[in-house]
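A.B. asks: Just dropping this structure here.
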Amino acid sequence: MLAEIDIYAPQLVDFVRTHEAWAAPIVFALAFGESLAFLSLLIPAWAALVGIGVLIAASGGLNFWPIWVAASIGAALGDWLS
């Protein structure tokens, strides 16, 4: 099952590359899901999060701060809910 999920990470990173406005909401959802107790075992989002982080450093088109805030709030809410 994990091998199937790893297939979606490059597709998600490609989507964020072409649709930069969706970067913050997607990172929020990934960080939220990764911080939930049992959901993070089923859906490992770390590969997509690392890939989006590489896009921030490489492209210059993605703004760091809104994505960082979205990831922070998503992770904090996921931890709080767990």
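Residue names in the structure tokens use chain letters A, B, ... in the order shown, residue numbers from 1 in each chain, and ligand numbers from 1 in the order shown.
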Sorted by chain and rising residue number, which residues of range 21-65 of chain A lie within 8 Å of range 73-76 of chain A, and what are their closest atom pairs and distances in Å to one decimal, counting only C-alpha atoms, as a tab-separated table?

C.D. replies:
residue	atom	partner	partner_atom	distance
A:Val27	CA	A:Gly74	CA	7.9
A:Phe28	CA	A:Gly74	CA	4.7
A:Ala29	CA	A:Gly74	CA	6.5
A:Leu30	CA	A:Gly74	CA	7.7
A:Ala31	CA	A:Ala75	CA	4.9
A:Phe32	CA	A:Gly74	CA	4.3
A:Gly33	CA	A:Ala75	CA	8.0
A:Glu34	CA	A:Ala75	CA	7.4
A:Ser35	CA	A:Ala75	CA	5.4

A.B. asks: So, counting only C-alpha atoms, which residue among A:Tyr8, A:Asp79, A:Thr18, A:Leu49 is closest to Ile67 in chain A?

C.D. replies: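 Going through A:Tyr8, A:Asp79, A:Thr18, A:Leu49 one by one, the smallest distance to Ile67 in chain A is for A:Leu49.
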